[in-house]
Structures are given as C-alpha cells and as structure tokens.
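Following: one structure in structure tokens, then a few remarks.
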Amino acid sequence: MNDQADPAPEPDQRPQGEETGAEQTSEAAAPAGEAPEPTTITVGDGGGSGGQALGYDVVVGNGLLARLPEMIGTQPERVLVIHPRALRATGDVVREDLENAGYKAVVAEIPDAEEGKHIQVAAFCWQVLGQNDFTRSDAVVSVGGGAVTDVAGFVAATWLRGVRVVHMPTTLLGMVDAAVGGKTGINTAEGKNLVGSFHQPAGVLADLDTLLTLPRNELVAGLAEVVKCGFISDERILEIIEEHPEQAQNPHSAQLRELIERAIAVKAAVVGRDPKEAGLRESLNYGHTLAHAIELAERYQWRHGAAVSVGLVYAAELARSLGRLDDAAADRHRSVLQLLGLPTTYRDDRWNQLLEGIRRDKKNRGDQLRFVLLSAQGQPATVEIPDASILYATYQEIAEPETAGPVSL
Ligand SMILES: NC(=O)c1ccc[n+]([C@@H]2O[C@H](COP(=O)([O-])OP(=O)(O)OC[C@H]3O[C@@H](n4cnc5c(N)ncnc54)[C@H](O)[C@@H]3O)[C@@H](O)[C@H]2O)c1
C-alpha cells in the first residue's frame with residue numbers, strides 16, 4: 001500500500017491566511033434582530049487579475065445583491081446574467097440591479113439542472129454574447145445551483161479565451177462546492193463533466209436568503225459535502241451537526257450559516273494551495289469514488305449528495321478494514337450522516353456495476369485503484385488498494401437487500 005499525503009488544514013480551526021491559502025475576515029456579532037455582517041473568505045494569495053488567478057473573495061451573508069457591482073468591478077460595461085428558468089424572478093432582480101448600477105445587463109435563461117450543461121446551451125450563451133458585442137473586458141454572472149455555475153463558468157472561460165465571471169450560488173452545494181475552486185464543465189453523451197476548464201471566478205456571493213426557497217431535499221443533499229469537509233479537516237462541523245441536527249437543516253439558523261462558512265473555508269484552503277488539481281485537491285474527493293459509481297449505476301437519478309453520503313460511509317469502512325481508522329472515527333461517519341437523514345447503505349445486487357464505476361475513477365493510475373481514506377479525523381491521504389477483494393468484503397458493511405434498501409433523497 002502506498003500513501004500520498006494530502007495535507008489538509010488543521011482540525012478545530014477555520015483555515016487562516018497564507019499557511020492554508022484561505023483567509024477569513026470579520027464576523028461581527030449582530031445586535032438582536034439584525035442580520036449579522038457578511039463574512040468574507042479569501043481564496044488564494046490575492047495575486048493575478050481578470051478573474052484568471054487566485055485571490056478572490058467568497059462573501060457569505062444575507063441580502064448581498066448590493067455587493068454585486070463591487071465584485072464585477074468598474075471595467076466591464078456589459079454583463080450577461082445566466083440563470084435557469086426556475087430562478088427567473090431572482091435573475092430579473094439581478095438584471096435590474098445591474099442596470100441601476102450603470103451596466104448594460106443581458107439575460108440568458110437556460111434549461112434547468114443538468115439539462116443546462118450542454119454544448120448547445122453554451123453555444124446559445126456565446127450567441128447572446130456575440131450579438132450584444134461583449135468584449136474581453138465584459139463579464140458574466142451565474143445565478144443558480146452548481147449546474148449553472150459550471151456552464152456559466154465554462155462560457156466565461158471560453159468567450160474570447162476568458163472573461164470575468166462572478167458566481168451567485170443559490171443551492172447549498174453551489175455555495176460550499178461548485179462555485180469555489182474554478183472548475184467549470186459541461187456534459188457530453190459519453191459522460192458528465194468530461195469537457196471543461198479551470199477558470200477562477202472574480203468573486204462569489206453566497207446569499208443565504210436564496211436558500212429559503214430551496215427544496216429541503218436539495219439542502220440536505222448539499223450537507224453531505226459539508227460533512228465531508230468536517231471529516232477531512234474541520235471537526236467543529238461534525239460537532240455542530242451532532243449538537244444541533246435540526247438547526248443544521250434550517251436555512252434561517254446561525255448553525256447552518258456557520259456550517260456553510262466553515263465548509264467554504266475548508267475548500268478555499270485546499271484549492272488555494274492546489275488550484276489545478278495537481279494533488280492536494282484529491283482530499284476533496286473523499287467519499288466520491290463510490291459516490292460516482294453509485295451515480296453512474298443510478299443513471300444520475302440520485303442526488304450527488306445522497307451518493308456522497310453512502311460513499312463517505314464506505315470510505316470509512318474501507319479505512320477500518322485496512323486497519324487505518326479506529327472504530328469511533330469510522331462509526332461517527334454513519335451517525336453524523338444519519339442525523340441529517342442522509343442514506344448510508346446501498347443495494348446489495350449492484351456490486352459488479354459499482355466496481356466498474358470504481359475502476360473508471362480519475363484517481364486511479366493504470367490498473368491501480370486509489371481511494372482517499374482517513375488515518376484519523378482530519379487526516380486524509382490517497383491510498384493505493386493492493387487487492388480489490390477487500391473492496392467487495394467492505395461493501396458487505398453497507399449493502400442492503402433492495403427491498404429494505406435506502407431511498408435516495
Ligand atoms: N465545479 C465544481 O467544482 C463542482 C462541484 C460540485 C458539483 N458541481 C456540479 O454541480 C451540479 C449540481 O449542483 P446542484 O446540486 O446545485 O444542482 P442544480 O444546479 O441542478 O440545482 C438543483 C435544483 O435546484 C433548483 N434551484 C437552485 N437554486 C434554487 C433556489 N434557491 N430555490 C429553489 N430552487 C432552486 C435548480 O433549478 C435545480 O432544479 C452538478 O452538475 C455537478 O457536476 C460542480
């Protein structure tokens with residue numbers, strides 16, 4: 001077995017400054033009845049310009065629309081707002097606000113969710129940009145979940161070889177994951193996210209008010225990525241969920257806000273040190289090897305977060321089987337995820353299909369299967385699996401007969 005260390009931020013701390021690549025500023029205590037001040041988490045070291053380099057802010061708070069012009073900057077004259085049909089009202093408000101701030105704002109309404117991540121949708125957006133004379137100094141704004149972030153980021157990365165993009169994520173997953181880190185992508189007939197590029201945003205506005213309309217299942221699914229950040233880095237995330245499982249799922253609560261901020265800080269710290277997925281960033285893939293295999297087996301009818309939840313439990317069981325992780329840390333995976341109502345088992349008749357998916361994982365090298373596993377709380381590493389039979393044996397720990405099996409969210 002061969003380990004590659006994935007240094008992660010210290011547990012029990014919000015990542016700070018250069019050491020971790022993320023910096024977090026100001027969370028003023030709010031007077032009773034008033035929303036607290038927004039929190040700013042800076043990704044990277046502040047170098048570079050034009051949305052092409054690290055050094056951008058992720059602002060988390062309520063009622064953040066007024067901050068959008070500040071993030072877009074004074075250089076752009078035209079701004080394309082890309083949003084899905086489902087968020088037309090929000091998209092309209094954003095457009096009006098930009099017009100009032102003096103920009104020429106144009107809207108591209110795109111199909112919802114994965115339907116939006118198509119080359120034809122990107123081509124439609126390029127057409128809108130072309131017809132409205134967008135130049136290299138103009139900008140794109142995404143308003144929506146991770147699917148919109150991905151396609152809008154891709155459009156911004158490719159128009160005139162790269163224009164500024166600001167993300168306004170409106171799902172929990174978008175806030176803590178898709179909008180941070182600069183990965184963009186679209187799907188092809190051969191699979192998800194096969195085409196894309198790295199294109200760092202100029203900034204991210206995570207307005208917590210948008211979560212008020214998000215269906216509960218989407219919110220809870222997004223929490224699986226938050227839990228992942230707890231296990232790979234910030235144990236306080238796990239404690240908050242254990243102490244306040246209901247509040248963790250309440251978009252009005254201070255606890256959910258803190259969970260979001262902490263998860264963003266974990267991701268920001270990792271991508272700040274590894275912007276193009278050269279190695280360190282593999283720690284963010286914790287739980288994702290089996291998760292991607294489940295998504296494939298389910299033809300993407302399961303929410304990503306539900307699959308990640310099962311994948312996290314499997315990774316913990318695998319680490320336990322290999323003698324890397326103690327019982328308490330392994331058991332904690334199942335208990336924290338169950339507190340949120342996330343699935344922790346998968347059907348027992350699908351192993352061959354899952355193994356096929358595991359073999360396609362991007363972390364593998366040749367025939368060598370690789371998983372991100374913990375050796376302790378907050379200690380992820382990429383581990384080569386010497387003998388694939390242990391994967392099947394471990395699967396028995398999470399397999400359920402189909403009739404008694406889990407429902408995806
Ligand atoms: N680039 C990255 O680093 C990265 C990371 C993780 C995931 N992703 C991508 O993100 C996508 C999944 O993102 P997602 O989970 O946000 O799903 P999504 O974007 O498909 O949104 C889920 C659903 O919620 C609706 N919605 C969004 N915001 C809403 C709101 N505020 N109120 C009511 N409804 C709302 C959407 O219209 C959609 O129907 C996948 O395509 C995945 O590949 C990318």
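Just remember, in the structure tokens the first chain shown is A, the second B, etc., residues are 1-based per chain, and ligands are 1-based in the order shown.
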Contacts of region 338-344 of chain A at 10 Å (only C-alpha atoms; same-chain gap of 2+ positions) as an MDAnalysis selection string: chainID A and resid 217 220:221 223:224 227 241:242 244:246 248:249 305:314 332:336 346 398:400 405:409
Name each residue within 8 Å of ligand 1, counting only C-alpha atoms and all ligand atoms, as a short mmCIF file (atom, residue, chain, number, x, y, z; two decimals) with C-alpha atoms, in the first residue's frame.
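For reference, out_38.cif as written:
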data_model
loop_
_atom_site.label_atom_id
_atom_site.label_comp_id
_atom_site.auth_asym_id
_atom_site.auth_seq_id
_atom_site.Cartn_x
_atom_site.Cartn_y
_atom_site.Cartn_z
CA PRO A 84 -32.22 28.67 -15.16
CA ARG A 85 -35.92 29.04 -15.86
CA ALA A 86 -36.68 28.03 -12.28
CA LEU A 87 -34.90 31.15 -10.99
CA ASP A 112 -32.82 23.64 -15.51
CA ALA A 113 -30.21 21.48 -13.75
CA GLU A 114 -28.18 19.01 -15.88
CA LYS A 117 -24.87 21.61 -19.02
CA GLY A 144 -28.26 29.22 -9.79
CA GLY A 145 -27.09 25.87 -8.50
CA GLY A 146 -23.92 24.02 -9.40
CA ALA A 147 -25.19 23.18 -12.87
CA VAL A 148 -25.49 26.87 -13.76
CA THR A 149 -22.16 27.68 -12.12
CA ASP A 150 -20.49 25.02 -14.23
CA PRO A 169 -24.81 30.21 -6.00
CA THR A 170 -28.39 29.55 -4.91
CA THR A 171 -28.05 25.96 -3.65
CA LEU A 172 -26.12 24.73 -0.64
CA LEU A 173 -23.97 22.53 -2.89
CA GLY A 174 -23.28 25.50 -5.14
CA ASP A 177 -18.57 23.34 -3.53
CA ALA A 178 -19.34 24.22 -7.17
CA ALA A 179 -18.85 28.00 -7.00
CA VAL A 180 -15.49 27.79 -5.24
CA GLY A 181 -12.37 26.47 -6.91
CA GLY A 182 -12.65 27.45 -10.57
CA LYS A 183 -13.69 24.11 -12.09
CA THR A 184 -16.13 24.58 -14.97
CA GLY A 185 -17.75 21.92 -17.11
CA ILE A 186 -20.43 20.60 -19.39
CA LYS A 192 -20.71 14.05 -17.00
CA ASN A 193 -18.21 16.89 -16.77
CA THR A 210 -31.70 32.28 -1.69
CA LEU A 211 -31.73 29.08 0.36
CA LEU A 212 -35.19 29.90 1.72
CA THR A 213 -36.84 28.63 -1.48
CA LEU A 214 -34.53 25.64 -1.97
CA PRO A 215 -36.38 22.31 -1.61
CA GLU A 218 -31.61 19.72 -2.15
CA ALA A 221 -28.07 16.63 -0.07
CA GLY A 222 -25.72 19.62 -0.06
CA ARG A 303 -28.73 13.43 -5.95
CA HIS A 304 -24.97 13.82 -5.79
CA GLY A 305 -25.06 14.48 -2.05
#
Residues within 8 Å of region 97-104 of chain A, only C-alpha atoms, excluding chain neighbours under 3 positions, as a ChimeraX atom specification: /A:65-66,68-69,76-79,93-94
Saved selection, atoms kept: C-alpha atoms, as a JSON list (two decimals), in the first residue's frame:
[["chain", "number", "residue", "atom", "x", "y", "z"],
["A", 65, "LEU", "CA", -27.21, 41.77, -4.09],
["A", 66, "ALA", "CA", -25.89, 45.26, -3.45],
["A", 68, "LEU", "CA", -22.54, 42.53, -6.97],
["A", 69, "PRO", "CA", -21.28, 45.70, -8.73],
["A", 76, "PRO", "CA", -17.00, 45.75, -17.57],
["A", 77, "GLU", "CA", -19.68, 47.70, -19.41],
["A", 78, "ARG", "CA", -21.82, 44.69, -20.30],
["A", 79, "VAL", "CA", -22.83, 41.84, -18.03],
["A", 93, "VAL", "CA", -33.89, 41.22, -9.83],
["A", 94, "VAL", "CA", -30.17, 40.75, -10.50]]
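Within the 10 Å cut-off around Arg320 (chain A), using only C-alpha atoms and omitting residues fewer than 3 positions from it on the same chain, the listed residues are Tyr314, Ala315, Ala316, Glu317, Gly323, Arg324, Leu325, Asp326, Asp327, Ala328, Ala329, Ala330, Asp331, Leu373, Leu374, Ser375 and Thr394 of chain A.
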Nearby residues (only C-alpha atoms) at most 7 Å from Val155 (chain A), same-chain spacing under 4 positions excluded, as an MDAnalysis selection string: chainID A and resid 122 125:126 151 159
Restrict the selected residues to N, CA and C atoms and save them as a PDB file, in the first residue's frame.
ATOM      1  N   ALA A 122     -24.252  26.189 -24.085  1.00  0.00           N
ATOM      2  CA  ALA A 122     -23.071  27.072 -24.136  1.00  0.00           C
ATOM      3  C   ALA A 122     -23.084  27.855 -25.448  1.00  0.00           C
ATOM      4  N   CYS A 125     -25.399  30.730 -25.274  1.00  0.00           N
ATOM      5  CA  CYS A 125     -24.824  31.834 -24.493  1.00  0.00           C
ATOM      6  C   CYS A 125     -23.762  32.581 -25.304  1.00  0.00           C
ATOM      7  N   TRP A 126     -22.918  31.842 -26.053  1.00  0.00           N
ATOM      8  CA  TRP A 126     -21.917  32.510 -26.911  1.00  0.00           C
ATOM      9  C   TRP A 126     -22.631  33.411 -27.934  1.00  0.00           C
ATOM     10  N   VAL A 151     -21.803  25.655 -16.198  1.00  0.00           N
ATOM     11  CA  VAL A 151     -21.920  26.036 -17.608  1.00  0.00           C
ATOM     12  C   VAL A 151     -21.580  27.516 -17.784  1.00  0.00           C
ATOM     13  N   TRP A 159     -15.289  32.385 -23.826  1.00  0.00           N
ATOM     14  CA  TRP A 159     -15.596  33.581 -24.636  1.00  0.00           C
ATOM     15  C   TRP A 159     -14.352  34.462 -24.726  1.00  0.00           C
TER      16      TRP A 159
END
Strand (DSSP E) positions in region 156-280 of chain A, given as a ChimeraX atom specification: /A:164-169,183-188,191-198,203-207
Helix (DSSP H, G or I) positions in region 170-307 of chain A, given as an MDAnalysis selection string: chainID A and resid 172:178 208:213 216:232 235:243 247:249 254:273 280:285 288:297 304:307
